[in-house]
>>> print(open('coords_17.cif').read())   # mmCIF, C-alpha atoms and all ligand atoms
data_final
#
loop_
_atom_site.label_atom_id
_atom_site.label_comp_id
_atom_site.auth_asym_id
_atom_site.auth_seq_id
_atom_site.Cartn_x
_atom_site.Cartn_y
_atom_site.Cartn_z
CA MET A 1 99.93 141.78 177.10
CA LYS A 2 96.23 142.51 176.78
CA ILE A 3 94.85 142.47 173.25
CA GLU A 4 93.61 145.94 172.41
CA ASP A 5 92.82 145.79 168.74
CA VAL A 6 91.98 143.13 166.15
CA ARG A 7 91.64 144.19 162.55
CA VAL A 8 90.91 142.31 159.36
CA ILE A 9 92.54 143.61 156.20
CA VAL A 10 91.38 142.38 152.80
CA THR A 11 93.63 143.30 149.91
CA SER A 12 94.06 142.14 146.33
CA PRO A 13 97.54 142.78 144.97
CA GLY A 14 96.91 140.43 142.03
CA ARG A 15 94.71 138.08 144.05
CA ASN A 16 92.76 138.35 147.30
CA TYR A 17 94.35 137.92 150.72
CA VAL A 18 92.77 138.20 154.17
CA THR A 19 95.10 139.31 156.96
CA VAL A 20 94.45 139.51 160.70
CA LYS A 21 96.39 142.14 162.59
CA ILE A 22 96.33 141.93 166.39
CA GLU A 23 97.76 144.65 168.60
CA THR A 24 98.45 144.44 172.32
CA GLU A 25 98.33 147.23 174.90
CA ASP A 26 102.10 147.88 174.69
CA GLY A 27 101.86 148.48 170.94
CA THR A 28 103.29 145.10 169.88
CA TYR A 29 101.41 143.70 166.90
CA GLY A 30 101.37 140.48 164.97
CA VAL A 31 99.99 139.42 161.60
CA GLY A 32 98.29 136.22 160.46
CA ASP A 33 96.98 134.89 157.14
CA ALA A 34 93.29 133.89 156.97
CA THR A 35 92.84 133.64 153.20
CA LEU A 36 90.35 131.15 151.79
CA ASN A 37 90.59 131.34 148.03
CA GLY A 38 87.24 132.17 146.43
CA ARG A 39 85.47 132.53 149.81
CA GLU A 40 87.60 135.28 151.34
CA LEU A 41 84.84 137.48 152.71
CA ALA A 42 83.25 134.61 154.61
CA VAL A 43 86.40 134.36 156.73
CA ALA A 44 86.75 138.13 156.97
CA ALA A 45 83.18 138.40 158.35
CA TYR A 46 83.69 135.42 160.68
CA LEU A 47 86.72 137.18 162.10
CA SER A 48 85.46 140.72 162.37
CA GLU A 49 81.88 139.91 163.39
CA HIS A 50 82.43 136.91 165.65
CA VAL A 51 86.06 136.46 166.68
CA ALA A 52 87.51 139.96 167.14
CA PRO A 53 85.06 140.94 169.94
CA LEU A 54 86.05 137.78 171.86
CA LEU A 55 89.74 138.62 171.81
CA ILE A 56 89.72 142.15 173.17
CA GLY A 57 91.09 142.19 176.71
CA ARG A 58 92.52 138.65 176.61
CA ASP A 59 96.22 138.10 177.29
CA GLY A 60 97.89 137.76 173.90
CA ARG A 61 100.56 135.50 175.37
CA ASP A 62 98.05 132.68 175.83
CA ILE A 63 98.28 131.22 172.34
CA GLU A 64 97.10 127.73 173.24
CA GLY A 65 94.35 128.93 175.57
CA ILE A 66 92.99 131.28 172.91
CA TRP A 67 93.18 128.55 170.26
CA GLN A 68 91.18 126.15 172.44
CA TYR A 69 88.71 128.88 173.35
CA LEU A 70 88.03 129.73 169.69
CA TYR A 71 87.88 126.08 168.62
CA ARG A 72 85.82 124.65 171.48
CA GLY A 73 83.90 127.81 172.21
CA ALA A 74 82.35 128.02 168.75
CA TYR A 75 80.63 124.64 169.23
CA TRP A 76 80.39 124.45 165.37
CA ARG A 77 83.91 123.16 165.06
CA ARG A 78 86.28 122.66 162.16
CA GLY A 79 85.52 123.50 158.55
CA PRO A 80 87.57 125.71 156.24
CA VAL A 81 86.09 129.06 157.30
CA THR A 82 86.43 128.50 161.04
CA MET A 83 89.88 126.98 160.83
CA ALA A 84 91.29 129.65 158.50
CA ALA A 85 89.98 132.29 160.91
CA ILE A 86 91.57 130.55 163.91
CA ALA A 87 94.78 130.18 161.89
CA GLY A 88 94.94 133.92 161.26
CA VAL A 89 94.65 134.63 164.97
CA ASP A 90 97.12 131.88 165.87
CA MET A 91 99.84 133.09 163.48
CA ALA A 92 99.42 136.66 164.70
CA LEU A 93 99.83 135.53 168.31
CA TRP A 94 102.99 133.52 167.53
CA ASP A 95 104.30 136.63 165.78
CA ILE A 96 103.52 138.74 168.85
CA LYS A 97 105.14 136.26 171.22
CA GLY A 98 108.31 136.16 169.16
CA LYS A 99 108.48 139.94 169.02
CA ALA A 100 107.81 140.25 172.74
CA LEU A 101 110.58 137.78 173.57
CA GLY A 102 112.91 139.14 170.89
CA THR A 103 113.32 135.81 169.10
CA PRO A 104 112.16 134.16 165.86
CA VAL A 105 109.24 131.74 165.92
CA TRP A 106 111.51 128.82 164.89
CA ASP A 107 113.32 129.34 168.19
CA LEU A 108 110.04 129.19 170.13
CA LEU A 109 109.17 125.95 168.32
CA GLY A 110 112.25 124.23 169.72
CA GLY A 111 115.03 125.60 167.57
CA ARG A 112 116.35 124.39 164.25
CA CYS A 113 116.67 120.81 163.12
CA ARG A 114 117.87 121.85 159.65
CA GLN A 115 119.49 124.97 158.26
CA ALA A 116 117.09 125.42 155.35
CA LEU A 117 114.06 123.62 153.95
CA ARG A 118 113.98 122.19 150.44
CA VAL A 119 111.10 123.56 148.36
CA TYR A 120 109.48 122.34 145.19
CA THR A 121 108.64 124.69 142.39
CA HIS A 122 106.17 124.34 139.51
CA ALA A 123 106.76 123.48 135.87
CA SER A 124 103.63 123.78 133.74
CA SER A 125 103.18 123.73 130.03
CA ARG A 126 100.74 123.07 127.25
CA THR A 127 103.13 120.57 125.62
CA VAL A 128 105.51 117.82 126.78
CA ASP A 129 108.49 119.64 125.25
CA GLY A 130 107.43 122.82 127.00
CA ALA A 131 107.16 120.94 130.31
CA ILE A 132 110.64 119.49 129.84
CA ASN A 133 111.99 123.00 129.16
CA GLU A 134 110.28 124.31 132.28
CA VAL A 135 111.75 121.52 134.42
CA GLN A 136 115.21 122.18 132.99
CA ARG A 137 114.82 125.90 133.67
CA ALA A 138 113.90 125.18 137.30
CA LEU A 139 116.85 122.81 137.72
CA SER A 140 119.21 125.42 136.27
CA GLU A 141 117.92 127.87 138.92
CA GLY A 142 118.99 125.41 141.61
CA TYR A 143 115.67 123.73 142.44
CA GLU A 144 116.02 120.05 143.23
CA ALA A 145 112.30 119.27 143.21
CA VAL A 146 109.77 120.20 140.53
CA ARG A 147 106.06 119.57 140.21
CA VAL A 148 105.20 118.85 136.59
CA GLN A 149 101.76 119.57 135.09
CA CYS A 150 100.93 119.49 131.39
CA LEU A 151 97.88 120.01 129.26
CA VAL A 152 96.46 116.70 128.04
CA PRO A 153 95.90 116.51 124.27
CA GLY A 154 92.18 116.85 123.64
CA ILE A 155 91.51 118.85 126.83
CA ASP A 156 91.67 122.61 126.33
CA GLU A 157 91.95 123.84 129.91
CA MET A 158 92.84 122.04 133.11
CA TYR A 159 94.27 122.39 136.57
CA GLY A 160 97.89 123.49 136.86
CA VAL A 161 98.26 124.84 133.34
CA PRO A 162 97.46 128.56 133.39
CA ARG A 163 95.85 130.03 130.28
CA ALA A 164 98.27 132.94 130.57
CA PRO A 165 100.49 134.06 133.46
CA GLY A 166 98.44 135.29 136.40
CA THR A 167 95.06 134.23 135.04
CA SER A 168 94.28 131.26 137.23
CA GLU A 169 91.57 133.03 139.23
CA PRO A 170 90.37 135.96 137.10
CA GLU A 171 87.95 138.51 138.47
CA GLY A 172 84.30 137.61 137.96
CA LEU A 173 82.35 134.38 137.83
CA PRO A 174 84.13 130.99 137.83
CA PHE A 175 85.88 129.97 134.65
CA VAL A 176 84.53 126.63 133.44
CA GLU A 177 87.15 124.14 132.30
CA GLN A 178 85.23 122.11 129.73
CA GLY A 179 85.83 118.58 128.61
CA TRP A 180 87.74 116.80 131.35
CA SER A 181 88.51 113.21 130.39
CA SER A 182 90.17 110.93 132.94
CA ASP A 183 90.76 108.42 130.18
CA ALA A 184 92.78 110.89 128.07
CA TYR A 185 94.66 112.02 131.18
CA LEU A 186 95.54 108.44 132.15
CA ARG A 187 96.80 107.64 128.66
CA PHE A 188 98.91 110.79 128.54
CA THR A 189 100.48 111.17 131.99
CA PRO A 190 102.89 108.18 131.88
CA ARG A 191 104.15 109.50 128.51
CA LEU A 192 104.72 112.92 130.08
CA PHE A 193 106.87 111.49 132.86
CA ALA A 194 108.71 109.16 130.48
CA GLY A 195 109.71 112.25 128.49
CA VAL A 196 110.70 114.29 131.52
CA ARG A 197 112.74 111.50 133.15
CA GLU A 198 114.49 110.75 129.91
CA ALA A 199 115.47 114.43 129.59
CA VAL A 200 116.57 115.14 133.18
CA GLY A 201 117.90 111.79 134.37
CA PRO A 202 117.24 109.93 137.61
CA GLU A 203 118.18 112.54 140.22
CA PRO A 204 115.71 115.45 140.16
CA LEU A 205 112.71 114.99 142.42
CA LEU A 206 109.53 115.03 140.33
CA LEU A 207 106.06 115.58 141.72
CA HIS A 208 102.60 115.60 140.18
CA ASP A 209 99.16 116.78 141.30
CA ALA A 210 96.17 114.78 140.04
CA HIS A 211 93.91 117.32 141.78
CA HIS A 212 91.16 114.95 142.89
CA ARG A 213 90.07 113.90 139.41
CA LEU A 214 90.43 110.12 139.57
CA THR A 215 88.58 107.16 141.01
CA PRO A 216 90.59 104.86 143.30
CA ALA A 217 90.96 102.23 140.56
CA GLU A 218 92.15 104.84 138.06
CA ALA A 219 94.59 106.31 140.56
CA GLY A 220 95.97 102.86 141.40
CA TRP A 221 96.50 102.21 137.69
CA LEU A 222 98.27 105.56 137.22
CA GLY A 223 100.46 105.23 140.32
CA HIS A 224 101.55 101.78 139.18
CA ARG A 225 102.48 103.03 135.71
CA LEU A 226 104.42 105.95 137.16
CA GLU A 227 106.53 103.74 139.45
CA GLU A 228 109.34 103.39 136.91
CA PHE A 229 109.74 107.20 136.82
CA ARG A 230 110.15 107.31 140.61
CA LEU A 231 108.01 110.30 141.55
CA PHE A 232 108.67 112.04 144.85
CA TRP A 233 104.90 112.02 145.22
CA LEU A 234 101.58 111.77 143.45
CA GLU A 235 99.29 114.33 145.04
CA ASP A 236 95.53 114.17 145.54
CA ALA A 237 95.14 110.99 143.55
CA VAL A 238 91.50 110.76 144.65
CA LEU A 239 89.09 113.05 146.48
CA GLU A 240 90.46 114.04 149.87
CA GLU A 241 87.20 113.16 151.59
CA LEU A 242 87.25 109.64 150.13
CA GLN A 243 89.67 108.26 152.67
CA ASP A 244 89.05 104.57 151.94
CA GLY A 245 90.04 105.37 148.37
CA TYR A 246 93.61 105.88 149.55
CA GLY A 247 93.58 102.38 150.99
CA ILE A 248 92.67 101.05 147.54
CA VAL A 249 95.28 103.17 145.74
CA ARG A 250 97.90 102.04 148.24
CA GLN A 251 97.26 98.38 147.45
CA HIS A 252 98.01 98.97 143.79
CA THR A 253 101.09 101.15 143.79
CA THR A 254 104.28 102.01 145.64
CA THR A 255 104.35 105.54 144.20
CA PRO A 256 104.41 107.79 147.31
CA LEU A 257 101.08 109.50 147.97
CA ALA A 258 100.49 113.04 149.24
CA VAL A 259 97.17 114.41 150.39
CA GLY A 260 95.63 117.09 152.51
CA GLU A 261 95.89 120.65 151.20
CA VAL A 262 92.17 121.03 151.93
CA PHE A 263 92.37 119.34 155.32
CA ASN A 264 91.64 121.59 158.24
CA SER A 265 91.94 119.34 161.27
CA ILE A 266 93.97 116.52 162.75
CA TYR A 267 90.83 114.40 162.44
CA ASP A 268 91.08 114.64 158.64
CA CYS A 269 94.56 113.10 158.81
CA GLU A 270 94.22 110.60 161.63
CA ARG A 271 92.90 107.54 159.81
CA LEU A 272 95.01 107.97 156.67
CA VAL A 273 98.14 108.19 158.81
CA ARG A 274 97.28 105.38 161.19
CA LYS A 275 96.43 103.01 158.34
CA GLY A 276 99.65 103.84 156.49
CA TRP A 277 97.71 104.89 153.37
CA VAL A 278 99.67 108.09 152.68
CA ASP A 279 103.29 109.20 152.83
CA TYR A 280 103.00 112.98 152.97
CA LEU A 281 100.48 115.38 154.47
CA ARG A 282 99.86 118.66 152.66
CA ALA A 283 98.02 120.46 155.50
CA SER A 284 99.15 124.06 155.92
CA ALA A 285 99.36 126.48 158.83
CA LEU A 286 96.66 128.51 157.09
CA HIS A 287 93.93 125.97 156.34
CA ALA A 288 94.66 123.66 159.27
CA GLY A 289 94.19 126.04 162.17
CA GLY A 290 97.54 127.77 162.46
CA ILE A 291 101.01 126.84 163.63
CA SER A 292 99.61 125.44 166.89
CA HIS A 293 97.39 122.86 165.21
CA LEU A 294 99.84 122.00 162.41
CA ARG A 295 102.39 121.13 165.09
CA LYS A 296 100.02 118.56 166.52
CA ILE A 297 99.32 117.06 163.09
CA ALA A 298 103.07 116.70 162.44
CA ALA A 299 103.70 115.22 165.88
CA PHE A 300 100.91 112.70 165.35
CA ALA A 301 102.30 111.69 161.94
CA GLU A 302 105.92 111.39 163.04
CA PRO A 303 105.88 107.90 164.60
CA TYR A 304 104.09 106.57 161.47
CA HIS A 305 106.92 107.89 159.27
CA VAL A 306 104.50 110.21 157.52
CA ARG A 307 106.12 113.51 156.69
CA MET A 308 104.84 116.99 155.98
CA GLY A 309 104.99 118.72 152.61
CA CYS A 310 102.81 121.74 153.26
CA HIS A 311 100.60 123.46 150.70
CA GLY A 312 102.20 126.67 149.44
CA ALA A 313 100.23 127.85 146.42
CA ALA A 314 100.20 131.57 145.61
CA ASP A 315 96.75 131.99 147.20
CA LEU A 316 98.42 131.47 150.59
CA SER A 317 99.92 134.84 151.47
CA PRO A 318 103.60 135.50 152.26
CA ILE A 319 102.53 135.37 155.93
CA THR A 320 101.72 131.66 155.57
CA MET A 321 105.04 131.16 153.79
CA ALA A 322 106.74 132.77 156.79
CA ALA A 323 104.91 130.36 159.10
CA ALA A 324 105.92 127.47 156.82
CA ALA A 325 109.56 128.57 156.90
CA HIS A 326 109.72 128.75 160.71
CA PHE A 327 107.77 125.51 161.09
CA GLY A 328 109.81 123.81 158.39
CA ILE A 329 113.20 124.30 159.95
CA ALA A 330 112.02 123.52 163.48
CA VAL A 331 109.94 120.36 162.93
CA HIS A 332 111.78 117.15 162.15
CA ASN A 333 109.26 115.39 159.93
CA VAL A 334 108.90 118.21 157.42
CA ALA A 335 110.16 116.79 154.12
CA ILE A 336 109.64 119.61 151.66
CA GLN A 337 107.62 122.81 151.15
CA GLU A 338 105.64 123.90 148.11
CA TYR A 339 106.78 127.26 146.80
CA ALA A 340 104.72 129.19 144.26
CA ILE A 341 106.10 132.61 143.49
CA HIS A 342 103.95 135.58 144.57
CA SER A 343 103.44 138.61 142.36
CA ASP A 344 105.75 141.60 142.83
CA ASP A 345 102.81 143.62 144.17
CA THR A 346 102.11 140.89 146.74
CA ASN A 347 105.71 140.88 147.89
CA THR A 348 105.62 144.67 148.28
CA VAL A 349 102.39 144.60 150.28
CA PHE A 350 103.81 141.83 152.50
CA PRO A 351 107.51 142.61 153.09
CA HIS A 352 109.22 139.54 154.54
CA GLU A 353 112.46 138.14 155.87
CA TRP A 354 112.02 134.63 154.50
CA SER A 355 113.69 133.86 151.24
CA VAL A 356 114.20 131.04 148.78
CA GLN A 357 117.65 130.60 147.34
CA ARG A 358 118.67 127.81 144.99
CA GLY A 359 115.68 125.75 146.00
CA TYR A 360 115.92 126.16 149.78
CA LEU A 361 113.72 128.24 152.09
CA THR A 362 115.02 130.06 155.17
CA PRO A 363 112.90 132.08 157.63
CA GLY A 364 115.48 134.68 158.68
CA ASP A 365 116.31 135.71 162.21
CA ALA A 366 113.89 138.58 162.81
CA PRO A 367 111.83 138.30 166.01
CA GLY A 368 108.40 136.77 165.44
CA LEU A 369 107.48 135.62 161.95
CA GLY A 370 109.54 138.28 160.18
CA VAL A 371 106.71 139.36 157.92
CA ASP A 372 104.50 142.45 157.83
CA ILE A 373 101.68 144.07 155.91
CA ASN A 374 102.07 147.55 154.46
CA GLU A 375 98.54 148.77 155.08
CA GLU A 376 98.85 151.89 152.98
CA LEU A 377 99.87 149.89 149.94
CA ALA A 378 97.29 147.21 150.74
CA ALA A 379 94.54 149.86 150.64
CA GLY A 380 95.49 150.60 147.04
CA PHE A 381 94.50 147.02 146.03
CA PRO A 382 90.80 146.65 146.96
CA TYR A 383 89.07 143.27 147.10
CA ALA A 384 87.98 141.93 143.72
CA ARG A 385 85.51 139.05 143.70
CA GLY A 386 87.07 135.99 142.12
CA TYR A 387 86.54 132.24 142.07
CA LEU A 388 88.58 129.14 141.46
CA PRO A 389 87.71 127.50 138.14
CA VAL A 390 85.24 124.66 138.01
CA SER A 391 85.53 121.51 135.91
CA GLN A 392 83.08 119.74 133.59
CA LEU A 393 83.13 116.52 131.63
CA ARG A 394 82.57 116.70 127.87
CA ASP A 395 78.83 116.23 128.30
CA GLY A 396 78.55 119.06 130.81
CA THR A 397 78.56 116.94 133.98
CA ALA A 398 80.14 118.82 136.89
CA TRP A 399 83.44 117.20 137.91
CA ASN A 400 85.98 117.69 140.67
CA TRP A 401 88.29 120.63 140.09
O1 LIG A 501 93.11 127.56 146.05
C1 LIG A 501 93.38 126.28 145.55
C2 LIG A 501 94.85 126.14 145.21
O2 LIG A 501 95.65 126.52 146.28
C3 LIG A 501 95.17 124.71 144.82
O3 LIG A 501 94.39 124.33 143.74
C4 LIG A 501 96.65 124.59 144.50
O4 LIG A 501 96.48 122.21 144.30
C5 LIG A 501 97.16 123.19 144.54
C6 LIG A 501 98.57 122.99 144.89
O5 LIG A 501 98.96 121.83 145.02
O6 LIG A 501 99.29 123.97 145.05
MG MG A 502 97.42 120.44 145.16
#
>>> encode(input="coords_17.cif", output="structure tokens")
Amino acid sequence: MKIEDVRVIVTSPGRNYVTVKIETEDGTYGVGDATLNGRELAVAAYLSEHVAPLLIGRDGRDIEGIWQYLYRGAYWRRGPVTMAAIAGVDMALWDIKGKALGTPVWDLLGGRCRQALRVYTHASSRTVDGAINEVQRALSEGYEAVRVQCLVPGIDEMYGVPRAPGTSEPEGLPFVEQGWSSDAYLRFTPRLFAGVREAVGPEPLLLHDAHHRLTPAEAGWLGHRLEEFRLFWLEDAVLEELQDGYGIVRQHTTTPLAVGEVFNSIYDCERLVRKGWVDYLRASALHAGGISHLRKIAAFAEPYHVRMGCHGAADLSPITMAAAAHFGIAVHNVAIQEYAIHSDDTNTVFPHEWSVQRGYLTPGDAPGLGVDINEELAAGFPYARGYLPVSQLRDGTAWNW
């Protein structure tokens, strides 16, 4: 199955997505997601200028060989741009292999070890009462796990609380979230979870994303105070690159810790897992080098009882969600999957077999990944430059977003 064509499609049905489409000589094609939010065109250029020419004429069945060739052959290994590009190719090749063999990717990964994968949804509000309402709404829709984010009194804008629906990454220059205060956040967050637990009782799984804002000492303090509310996890308590910080947080709290949505290699995970500093890895098929590499990360984590809870924000396209669905029912140490709802336009541009019903994700039985891109529709949504917000302290100091 010689690769005949590799194309990169950038489309913006509400937000930007980068898709790799690979076609083999017999007309079989596969699709992969290579989106890097806020830096999309860097990956698109990497793929079309540097990777596509290397793939023409290679046998598309050789997923592992091509992965190793792109990873080792670049010499400049790892990093978000390189690994998202490799991921796009990797997903497309798994899609092709499934189609060629007439079987879904979950079957190629070893078959099912669960019927459906539990997802967590988001509840965000500008007030505690609003957050409680949002959690109750999610529970009434059948979700068992909800991530709760709430605006902190005294801070006008912050991660996880959209200014208005669909405005998280507006077109144009980065939005500056002014006035972050870790102190105000630390005083408020235990009160938020006290209110939510009181309203929903002990059973629902509650999650929270600190989004890299805290120092290790602050995160240890917060995790300890949240213990009585029994979170499923506290995500990104400290900067992901500050690995020793997780060792400090771990000494101060038994609240489970999740980390790794920005990780792109097994080497980012290795020490955290081996030391027992984290409970869940958030690496995704998109930003961690595709299904092939994510499999290795999960297999490495398994004997340490570290489980996967892959990143699934809306800036990962429905193709990554398809990969997550196949991976998630085939790999034993997948605990949960993040699920952020895509816009209607996005779902039309990327028709897919996977679905979420009453809080559980299934991949469907279509051969390959069971997801496609409608190129004609995609062409109607041209790229629009956009950035993630940035964060500042009250005095204007740049902070971690
Ligand atoms: O592009 C960045 C987003 O995907 C990220 O900020 C979302 O933290 C996130 C999450 O947990 O979904
Ligand atoms: Mg996160």
>>> closest_residue(input="coords_17.cif", among="A:Arg187, A:His311, A:Arg137, A:Lys275", to="ligand LIG 501 (chain A)", atoms="all atoms listed in the file")
A:His311
>>> residues_near_ligand(input="coords_17.cif", ligand="ligand MG 502 (chain A)", cutoff="12 Å", atoms="all atoms listed in the file", output="VMD selection string")
chain A and resid 122 147 to 149 159 to 160 207 to 213 233 to 240 257 to 263 281 to 284 309 to 315 338 to 340 401
>>> atom_distance(input="coords_17.cif", atom1="atom O2 of ligand LIG 501 (chain A)", atom2="CA of Phe381 in chain A")
20.5 Å
>>> residues_around(input="coords_17.cif", residues="Gly110 in chain A", least_positions_apart="3", cutoff="7 Å", atoms="all atoms listed in the file", output="list in words")
Trp106, Asp107 and Ala330 of chain A
>>> atom_distance(input="coords_17.cif", atom1="CA of Gly88 in chain A", atom2="CA of Gly290 in chain A")
6.8 Å
>>> residues_around(input="coords_17.cif", residues="Asn374 in chain A", least_positions_apart="5", cutoff="10 Å", atoms="only C-alpha atoms", output="CSV table (one decimal) with C-alpha atoms, keeping the file's coordinate frame")
chain,number,residue,atom,x,y,z
A,348,THR,CA,105.6,144.7,148.3
A,349,VAL,CA,102.4,144.6,150.3
A,350,PHE,CA,103.8,141.8,152.5
A,351,PRO,CA,107.5,142.6,153.1
A,379,ALA,CA,94.5,149.9,150.6
